[in-house]
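Working notes for the structure below.
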Amino acid sequence: MDPAAYVILLLFLGGLACLVILWINDARLPGKLRRRGVSIEGRITYRFVVGRPPSYTLVYRYSYNGSTYSRDEEVESEVYRTVDVGDIVGVRCLPEHPKTARLESNLSGSKSCILGATPKEASFTEELDSLRDNEK
């Protein structure tokens with residue numbers, strides 16, 4: 001076999017190994033956040049729906065130790081429909097790496113991440129989603 005082919009094969013296998021390690025690490029993150037994370041408050045800054053089937057995303061900001069962070073996160077449609085821009089939500093972050101955070105509802109499966117939110121009237125985006133769903 002040609003030496004260049006060996007190099008290409010090694011690079012491919014190395015890249016594949018890196019992807020597997022990242023995937024395993026990401027799969028362990030919820031447990032790590034539940035065990036070692038701290039609960040803080042965040043605020044919804046933006047929300048949007050894309051795709052077919054729809055993917056619901058909340059964008060939120062939170063502060064920890066004097067620094068402010070922003071994340072976007074996919075959520076279940078039930079969670080998406082209960083929050084609006086400006087609502088306060090529960091966030092869990094790692095103290096040693098505060099950029100690593102998740103909405104508490106995504107860690108526990110409950111809707112309790114919404115700290116003062118009540119179900120909202122359908123927003124314009126949700127009305128469009130409903131129309132799109134009815135087209136099917």
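Letters for chains follow the order of the structure tokens (A, B, ...), residue numbers begin at 1 for each chain, and ligand numbers begin at 1 in the order shown.
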Taking 6 positions as the minimum chain separation for residues in the same chain, which residues sit within 6 Å of region 45-58 of chain A when counting only C-alpha atoms? Answer as a PDB file with C-alpha atoms, in the first residue's frame.
```
ATOM      1  CA  ASP A  72     -29.482  28.558  22.328  1.00  0.00           C
ATOM      2  CA  GLU A  73     -31.085  25.215  22.978  1.00  0.00           C
ATOM      3  CA  GLU A  74     -33.665  22.991  21.343  1.00  0.00           C
ATOM      4  CA  VAL A  75     -36.648  22.251  23.556  1.00  0.00           C
ATOM      5  CA  VAL A  85     -39.090  36.601  25.413  1.00  0.00           C
TER       6      VAL A  85
END
```
*Calculate how many Å separate CA of Thr82 (chain A) from CA of Lys99 (chain A), rounding to one decimal.*
24.8 Å
*For Val91 (chain A), work out the shell of residues within 9 Å, counting only C-alpha atoms and skipping chain neighbours fewer than 6 positions away, then give it as a count of residues only.*
12
